[in-house]
Amino acid sequence: MNKVSKRIDGGNKTADQLLYRPFFEISCALSQHVRDNDLIAAPIGVVDCGVGRGFDPRLEMFGDLVSIVGIDADAQEIQNLRIVYKDMLNRGKLVLLNAALWSRHGKKTLKITKDADGYSLLSPHLATVENFPDPSVNEVIEEIEVDLTPLDAIGLSLESVDMIKLDVEGAELEILKGGSNTLSDG
């Protein structure tokens, strides 16, 4: 969940309380219904772009009914995830790829910030960063040159792509531009 939650609904509840919790409960009920009634013949194909610290735990509720391809630009994060999700990798339910997704092939600098969740191919937007409780967490502490790869060039190992999650710190449009074939299939 977001580290910064704005109060809404007269200041009584956060957006997380109003939106996340009901979605979570619905997801749990839906996944149980799907499992109990054998409603899915093929696994749900999920592409998680910007998998970073791990994929959304709600996906685990679907068990073997989901197959995930996790993609991240940070090689160290991918190595860490290989340890955390060893069981899913061994069962063939998860594929982890180290790739910096973009609209085209090329090279770009990955900016690593103090806040490990905030690394990006784009520079932090200073006017936005100033609104954070601690703007210094968005200070770039390391830069790594990475090869860019369009989503269409990845060669996803899924029967179908049913859901794409993008958590890529502002690079969403560039990734979607590089995934037009992937998005139009099925």
# chains A, B, ... in the order shown; residues from 1 in each chain; ligands from 1
>>> residues_around(residues="region 65-81 of chain A", least_positions_apart="2", cutoff="6 Å", atoms="only C-alpha atoms", output="ChimeraX atom specification")
/A:43-52,62-63,83-85,93-100
>>> select_by_dssp(residues="region 30-114 of chain A", states="alpha helix (DSSP H)", output="list in words")
Leu30, Ser31, Gln32, His33, Val34, Arg35, Asp36, Ala75, Gln76, Glu77, Ile78, Gln79, Asn80, Leu81, Arg82, Ile83, Val84, Lys86, Asp87, Met88, Leu89 and Asn90 of chain A
>>> residues_around(residues="Pro150 (chain A)", least_positions_apart="5", cutoff="12 Å", atoms="only C-alpha atoms", output="PyMOL selection string")
chain A and resi 49+71+99-107+155-156+171-182
>>> closest_residue(among="A:Val34, A:Val140, A:Ala153, A:Leu158", to="Tyr119 (chain A)", atoms="only C-alpha atoms")
A:Val140
>>> select_by_dssp(residues="region 40-145 of chain A", states="strand (DSSP E or B)", output="mmCIF file with all heavy atoms, in the first residue's frame")
data_model
loop_
_atom_site.group_PDB
_atom_site.id
_atom_site.type_symbol
_atom_site.label_atom_id
_atom_site.label_comp_id
_atom_site.auth_asym_id
_atom_site.auth_seq_id
_atom_site.Cartn_x
_atom_site.Cartn_y
_atom_site.Cartn_z
ATOM 1 N N ILE A 44 -4.536 -18.377 -15.467
ATOM 2 C CA ILE A 44 -4.641 -16.946 -15.747
ATOM 3 C C ILE A 44 -3.221 -16.438 -15.966
ATOM 4 O O ILE A 44 -2.356 -16.639 -15.124
ATOM 5 C CB ILE A 44 -5.285 -16.202 -14.555
ATOM 6 C CG1 ILE A 44 -6.696 -16.725 -14.294
ATOM 7 C CG2 ILE A 44 -5.281 -14.700 -14.782
ATOM 8 C CD1 ILE A 44 -7.272 -16.294 -12.956
ATOM 9 N N GLY A 45 -2.970 -15.793 -17.093
ATOM 10 C CA GLY A 45 -1.643 -15.285 -17.408
ATOM 11 C C GLY A 45 -1.469 -13.856 -16.939
ATOM 12 O O GLY A 45 -2.184 -12.956 -17.376
ATOM 13 N N VAL A 46 -0.534 -13.643 -16.017
ATOM 14 C CA VAL A 46 -0.288 -12.328 -15.445
ATOM 15 C C VAL A 46 1.132 -11.887 -15.773
ATOM 16 O O VAL A 46 2.080 -12.640 -15.556
ATOM 17 C CB VAL A 46 -0.481 -12.343 -13.913
ATOM 18 C CG1 VAL A 46 -0.150 -10.982 -13.314
ATOM 19 C CG2 VAL A 46 -1.899 -12.769 -13.554
ATOM 20 N N VAL A 47 1.255 -10.680 -16.294
ATOM 21 C CA VAL A 47 2.564 -10.073 -16.515
ATOM 22 C C VAL A 47 2.698 -8.939 -15.514
ATOM 23 O O VAL A 47 1.886 -8.019 -15.499
ATOM 24 C CB VAL A 47 2.711 -9.541 -17.962
ATOM 25 C CG1 VAL A 47 4.076 -8.893 -18.154
ATOM 26 C CG2 VAL A 47 2.513 -10.674 -18.969
ATOM 27 N N ASP A 48 3.709 -9.035 -14.660
ATOM 28 C CA ASP A 48 3.939 -8.042 -13.610
ATOM 29 C C ASP A 48 5.194 -7.254 -13.974
ATOM 30 O O ASP A 48 6.310 -7.711 -13.772
ATOM 31 C CB ASP A 48 4.104 -8.736 -12.262
ATOM 32 C CG ASP A 48 4.149 -7.760 -11.096
ATOM 33 O OD1 ASP A 48 4.536 -6.591 -11.298
ATOM 34 O OD2 ASP A 48 3.802 -8.179 -9.979
ATOM 35 N N CYS A 49 4.988 -6.077 -14.558
ATOM 36 C CA CYS A 49 6.098 -5.205 -14.967
ATOM 37 C C CYS A 49 6.448 -4.286 -13.806
ATOM 38 O O CYS A 49 5.605 -3.530 -13.342
ATOM 39 C CB CYS A 49 5.707 -4.370 -16.183
ATOM 40 S SG CYS A 49 5.154 -5.347 -17.585
ATOM 41 N N VAL A 66 -2.971 -19.500 -11.603
ATOM 42 C CA VAL A 66 -2.308 -18.318 -12.136
ATOM 43 C C VAL A 66 -0.866 -18.662 -12.510
ATOM 44 O O VAL A 66 -0.209 -19.444 -11.837
ATOM 45 C CB VAL A 66 -2.357 -17.138 -11.126
ATOM 46 C CG1 VAL A 66 -1.563 -17.441 -9.872
ATOM 47 C CG2 VAL A 66 -1.913 -15.853 -11.741
ATOM 48 N N SER A 67 -0.439 -18.121 -13.643
ATOM 49 C CA SER A 67 0.962 -18.193 -14.060
ATOM 50 C C SER A 67 1.444 -16.760 -14.224
ATOM 51 O O SER A 67 0.778 -15.940 -14.860
ATOM 52 C CB SER A 67 1.110 -18.938 -15.387
ATOM 53 O OG SER A 67 0.828 -20.304 -15.211
ATOM 54 N N ILE A 68 2.600 -16.458 -13.650
ATOM 55 C CA ILE A 68 3.083 -15.086 -13.597
ATOM 56 C C ILE A 68 4.433 -14.959 -14.283
ATOM 57 O O ILE A 68 5.312 -15.797 -14.087
ATOM 58 C CB ILE A 68 3.224 -14.616 -12.135
ATOM 59 C CG1 ILE A 68 1.895 -14.769 -11.391
ATOM 60 C CG2 ILE A 68 3.741 -13.180 -12.060
ATOM 61 C CD1 ILE A 68 2.002 -14.599 -9.882
ATOM 62 N N VAL A 69 4.572 -13.906 -15.080
ATOM 63 C CA VAL A 69 5.868 -13.496 -15.582
ATOM 64 C C VAL A 69 6.173 -12.171 -14.894
ATOM 65 O O VAL A 69 5.443 -11.199 -15.062
ATOM 66 C CB VAL A 69 5.879 -13.321 -17.118
ATOM 67 C CG1 VAL A 69 7.217 -12.751 -17.588
ATOM 68 C CG2 VAL A 69 5.606 -14.656 -17.811
ATOM 69 N N GLY A 70 7.220 -12.156 -14.079
ATOM 70 C CA GLY A 70 7.634 -10.950 -13.372
ATOM 71 C C GLY A 70 8.838 -10.345 -14.072
ATOM 72 O O GLY A 70 9.814 -11.043 -14.353
ATOM 73 N N ILE A 71 8.763 -9.058 -14.362
ATOM 74 C CA ILE A 71 9.822 -8.370 -15.107
ATOM 75 C C ILE A 71 10.264 -7.161 -14.299
ATOM 76 O O ILE A 71 9.441 -6.393 -13.818
ATOM 77 C CB ILE A 71 9.319 -7.917 -16.496
ATOM 78 C CG1 ILE A 71 8.731 -9.095 -17.259
ATOM 79 C CG2 ILE A 71 10.444 -7.250 -17.286
ATOM 80 C CD1 ILE A 71 7.958 -8.709 -18.518
ATOM 81 N N ASP A 72 11.588 -6.991 -14.170
ATOM 82 C CA ASP A 72 12.103 -5.828 -13.461
ATOM 83 C C ASP A 72 13.454 -5.425 -14.047
ATOM 84 O O ASP A 72 14.231 -6.279 -14.474
ATOM 85 C CB ASP A 72 12.249 -6.106 -11.973
ATOM 86 C CG ASP A 72 12.234 -4.827 -11.163
ATOM 87 O OD1 ASP A 72 11.125 -4.408 -10.776
ATOM 88 O OD2 ASP A 72 13.302 -4.232 -10.956
ATOM 89 N N LEU A 94 5.946 -19.385 -12.119
ATOM 90 C CA LEU A 94 6.534 -18.055 -12.121
ATOM 91 C C LEU A 94 7.800 -18.067 -12.972
ATOM 92 O O LEU A 94 8.610 -18.982 -12.889
ATOM 93 C CB LEU A 94 6.889 -17.633 -10.685
ATOM 94 C CG LEU A 94 7.619 -16.310 -10.493
ATOM 95 C CD1 LEU A 94 6.756 -15.134 -10.947
ATOM 96 C CD2 LEU A 94 8.023 -16.143 -9.027
ATOM 97 N N VAL A 95 7.917 -17.040 -13.804
ATOM 98 C CA VAL A 95 9.126 -16.789 -14.580
ATOM 99 C C VAL A 95 9.559 -15.374 -14.224
ATOM 100 O O VAL A 95 8.740 -14.457 -14.219
ATOM 101 C CB VAL A 95 8.857 -16.894 -16.101
ATOM 102 C CG1 VAL A 95 10.078 -16.485 -16.904
ATOM 103 C CG2 VAL A 95 8.401 -18.297 -16.468
ATOM 104 N N LEU A 96 10.838 -15.208 -13.893
ATOM 105 C CA LEU A 96 11.368 -13.886 -13.558
ATOM 106 C C LEU A 96 12.373 -13.467 -14.615
ATOM 107 O O LEU A 96 13.291 -14.224 -14.947
ATOM 108 C CB LEU A 96 12.032 -13.912 -12.170
ATOM 109 C CG LEU A 96 11.080 -14.133 -11.006
ATOM 110 C CD1 LEU A 96 11.846 -14.392 -9.720
ATOM 111 C CD2 LEU A 96 10.143 -12.952 -10.836
ATOM 112 N N LEU A 97 12.187 -12.268 -15.149
ATOM 113 C CA LEU A 97 13.051 -11.747 -16.204
ATOM 114 C C LEU A 97 13.637 -10.403 -15.787
ATOM 115 O O LEU A 97 12.919 -9.522 -15.315
ATOM 116 C CB LEU A 97 12.254 -11.557 -17.498
ATOM 117 C CG LEU A 97 11.530 -12.781 -18.049
ATOM 118 C CD1 LEU A 97 10.654 -12.385 -19.225
ATOM 119 C CD2 LEU A 97 12.533 -13.852 -18.451
ATOM 120 N N ASN A 98 14.941 -10.269 -16.004
ATOM 121 C CA ASN A 98 15.602 -8.990 -15.771
ATOM 122 C C ASN A 98 15.602 -8.234 -17.089
ATOM 123 O O ASN A 98 16.315 -8.590 -18.013
ATOM 124 C CB ASN A 98 17.028 -9.215 -15.266
ATOM 125 C CG ASN A 98 17.795 -7.925 -15.094
ATOM 126 O OD1 ASN A 98 18.961 -7.841 -15.421
ATOM 127 N ND2 ASN A 98 17.150 -6.897 -14.586
ATOM 128 N N ALA A 100 14.703 -4.047 -18.738
ATOM 129 C CA ALA A 100 14.233 -2.661 -18.618
ATOM 130 C C ALA A 100 13.282 -2.422 -19.786
ATOM 131 O O ALA A 100 13.725 -2.263 -20.925
ATOM 132 C CB ALA A 100 15.414 -1.694 -18.650
ATOM 133 N N LEU A 101 11.996 -2.464 -19.506
ATOM 134 C CA LEU A 101 10.995 -2.329 -20.572
ATOM 135 C C LEU A 101 10.867 -0.877 -21.003
ATOM 136 O O LEU A 101 10.888 0.048 -20.193
ATOM 137 C CB LEU A 101 9.645 -2.860 -20.091
ATOM 138 C CG LEU A 101 9.605 -4.347 -19.762
ATOM 139 C CD1 LEU A 101 8.237 -4.720 -19.209
ATOM 140 C CD2 LEU A 101 9.947 -5.195 -20.970
ATOM 141 N N GLY A 106 17.313 0.059 -27.008
ATOM 142 C CA GLY A 106 18.266 1.145 -26.814
ATOM 143 C C GLY A 106 18.926 1.023 -25.452
ATOM 144 O O GLY A 106 18.964 -0.055 -24.856
ATOM 145 N N LYS A 107 19.433 2.111 -24.955
ATOM 146 C CA LYS A 107 20.062 2.162 -23.633
ATOM 147 C C LYS A 107 19.506 3.366 -22.879
ATOM 148 O O LYS A 107 19.158 4.368 -23.478
ATOM 149 C CB LYS A 107 21.580 2.281 -23.754
ATOM 150 C CG LYS A 107 22.247 1.031 -24.297
ATOM 151 C CD LYS A 107 23.741 1.064 -24.076
ATOM 152 C CE LYS A 107 24.397 -0.185 -24.589
ATOM 153 N NZ LYS A 107 24.108 -1.362 -23.795
ATOM 154 N N LYS A 108 19.431 3.222 -21.562
ATOM 155 C CA LYS A 108 18.942 4.306 -20.718
ATOM 156 C C LYS A 108 19.541 4.104 -19.325
ATOM 157 O O LYS A 108 19.999 3.013 -18.999
ATOM 158 C CB LYS A 108 17.409 4.273 -20.666
ATOM 159 C CG LYS A 108 16.759 5.574 -20.282
ATOM 160 C CD LYS A 108 15.316 5.611 -20.778
ATOM 161 C CE LYS A 108 14.593 6.857 -20.380
ATOM 162 N NZ LYS A 108 15.122 8.089 -20.905
ATOM 163 N N THR A 109 19.514 5.147 -18.543
ATOM 164 C CA THR A 109 20.066 5.077 -17.196
ATOM 165 C C THR A 109 18.961 4.787 -16.188
ATOM 166 O O THR A 109 17.968 5.518 -16.113
ATOM 167 C CB THR A 109 20.767 6.406 -16.838
ATOM 168 O OG1 THR A 109 21.785 6.655 -17.810
ATOM 169 C CG2 THR A 109 21.393 6.331 -15.464
ATOM 170 N N LEU A 110 19.149 3.714 -15.417
ATOM 171 C CA LEU A 110 18.243 3.380 -14.330
ATOM 172 C C LEU A 110 18.709 4.141 -13.096
ATOM 173 O O LEU A 110 19.866 4.038 -12.690
ATOM 174 C CB LEU A 110 18.264 1.872 -14.055
ATOM 175 C CG LEU A 110 17.359 1.363 -12.935
ATOM 176 C CD1 LEU A 110 15.891 1.580 -13.289
ATOM 177 C CD2 LEU A 110 17.633 -0.100 -12.659
ATOM 178 N N LYS A 111 17.808 4.924 -12.533
ATOM 179 C CA LYS A 111 18.133 5.736 -11.360
ATOM 180 C C LYS A 111 17.651 5.024 -10.109
ATOM 181 O O LYS A 111 16.459 4.795 -9.941
ATOM 182 C CB LYS A 111 17.501 7.129 -11.477
ATOM 183 C CG LYS A 111 18.152 7.985 -12.558
ATOM 184 C CD LYS A 111 17.071 8.622 -13.406
ATOM 185 C CE LYS A 111 17.653 9.390 -14.558
ATOM 186 N NZ LYS A 111 17.682 8.601 -15.779
ATOM 187 N N ILE A 112 18.597 4.686 -9.228
ATOM 188 C CA ILE A 112 18.279 4.027 -7.969
ATOM 189 C C ILE A 112 18.195 5.109 -6.891
ATOM 190 O O ILE A 112 19.118 5.898 -6.730
ATOM 191 C CB ILE A 112 19.361 2.996 -7.582
ATOM 192 C CG1 ILE A 112 19.653 2.036 -8.746
ATOM 193 C CG2 ILE A 112 18.975 2.251 -6.311
ATOM 194 C CD1 ILE A 112 18.550 1.091 -9.105
ATOM 195 N N THR A 113 17.077 5.136 -6.177
ATOM 196 C CA THR A 113 16.879 6.163 -5.149
ATOM 197 C C THR A 113 17.077 5.565 -3.758
ATOM 198 O O THR A 113 17.155 4.341 -3.600
ATOM 199 C CB THR A 113 15.465 6.762 -5.245
ATOM 200 O OG1 THR A 113 14.511 5.713 -5.047
ATOM 201 C CG2 THR A 113 15.236 7.432 -6.585
ATOM 202 N N SER A 120 13.789 4.180 -11.122
ATOM 203 C CA SER A 120 13.072 4.473 -12.353
ATOM 204 C C SER A 120 14.035 4.776 -13.493
ATOM 205 O O SER A 120 15.183 5.169 -13.272
ATOM 206 C CB SER A 120 12.162 5.681 -12.125
ATOM 207 O OG SER A 120 11.479 6.040 -13.312
ATOM 208 N N VAL A 140 18.520 10.370 -5.896
ATOM 209 C CA VAL A 140 19.188 9.337 -6.689
ATOM 210 C C VAL A 140 20.556 9.073 -6.073
ATOM 211 O O VAL A 140 21.376 9.976 -5.922
ATOM 212 C CB VAL A 140 19.323 9.776 -8.164
ATOM 213 C CG1 VAL A 140 20.105 8.752 -8.970
ATOM 214 C CG2 VAL A 140 17.936 10.000 -8.777
ATOM 215 N N ILE A 141 20.792 7.801 -5.698
ATOM 216 C CA ILE A 141 22.060 7.439 -5.063
ATOM 217 C C ILE A 141 22.964 6.602 -5.963
ATOM 218 O O ILE A 141 24.146 6.435 -5.680
ATOM 219 C CB ILE A 141 21.830 6.691 -3.731
ATOM 220 C CG1 ILE A 141 21.001 5.431 -3.964
ATOM 221 C CG2 ILE A 141 21.189 7.614 -2.709
ATOM 222 C CD1 ILE A 141 20.922 4.510 -2.757
ATOM 223 N N GLU A 142 22.381 6.075 -7.059
ATOM 224 C CA GLU A 142 23.174 5.259 -7.982
ATOM 225 C C GLU A 142 22.525 5.307 -9.354
ATOM 226 O O GLU A 142 21.307 5.403 -9.463
ATOM 227 C CB GLU A 142 23.234 3.810 -7.478
ATOM 228 C CG GLU A 142 24.084 2.891 -8.313
ATOM 229 C CD GLU A 142 24.107 1.462 -7.774
ATOM 230 O OE1 GLU A 142 23.432 1.165 -6.763
ATOM 231 O OE2 GLU A 142 24.810 0.649 -8.386
ATOM 232 N N GLU A 143 23.345 5.240 -10.381
ATOM 233 C CA GLU A 143 22.841 5.188 -11.755
ATOM 234 C C GLU A 143 23.490 4.010 -12.461
ATOM 235 O O GLU A 143 24.698 3.813 -12.363
ATOM 236 C CB GLU A 143 23.132 6.494 -12.484
ATOM 237 C CG GLU A 143 22.373 7.676 -11.906
ATOM 238 C CD GLU A 143 22.545 8.954 -12.702
ATOM 239 O OE1 GLU A 143 23.442 9.025 -13.570
ATOM 240 O OE2 GLU A 143 21.770 9.893 -12.459
ATOM 241 N N ILE A 144 22.655 3.233 -13.164
ATOM 242 C CA ILE A 144 23.129 2.043 -13.859
ATOM 243 C C ILE A 144 22.623 2.104 -15.297
ATOM 244 O O ILE A 144 21.415 2.261 -15.523
ATOM 245 C CB ILE A 144 22.582 0.758 -13.201
ATOM 246 C CG1 ILE A 144 22.963 0.697 -11.717
ATOM 247 C CG2 ILE A 144 23.067 -0.480 -13.931
ATOM 248 C CD1 ILE A 144 22.215 -0.366 -10.942
ATOM 249 N N GLU A 145 23.526 1.965 -16.266
ATOM 250 C CA GLU A 145 23.090 1.933 -17.652
ATOM 251 C C GLU A 145 22.501 0.559 -17.946
ATOM 252 O O GLU A 145 23.098 -0.473 -17.609
ATOM 253 C CB GLU A 145 24.250 2.219 -18.610
ATOM 254 C CG GLU A 145 23.768 2.322 -20.054
ATOM 255 C CD GLU A 145 24.860 2.735 -21.024
ATOM 256 O OE1 GLU A 145 25.837 1.998 -21.135
ATOM 257 O OE2 GLU A 145 24.693 3.789 -21.642
#
>>> atom_distance(atom1="CA of Ile154 (chain A)", atom2="CA of Leu166 (chain A)")
15.3 Å
>>> residues_around(residues="region 126-138 of chain A", least_positions_apart="4", cutoff="7 Å", atoms="only C-alpha atoms", output="number ranges by chain")
A: 113-115, 118
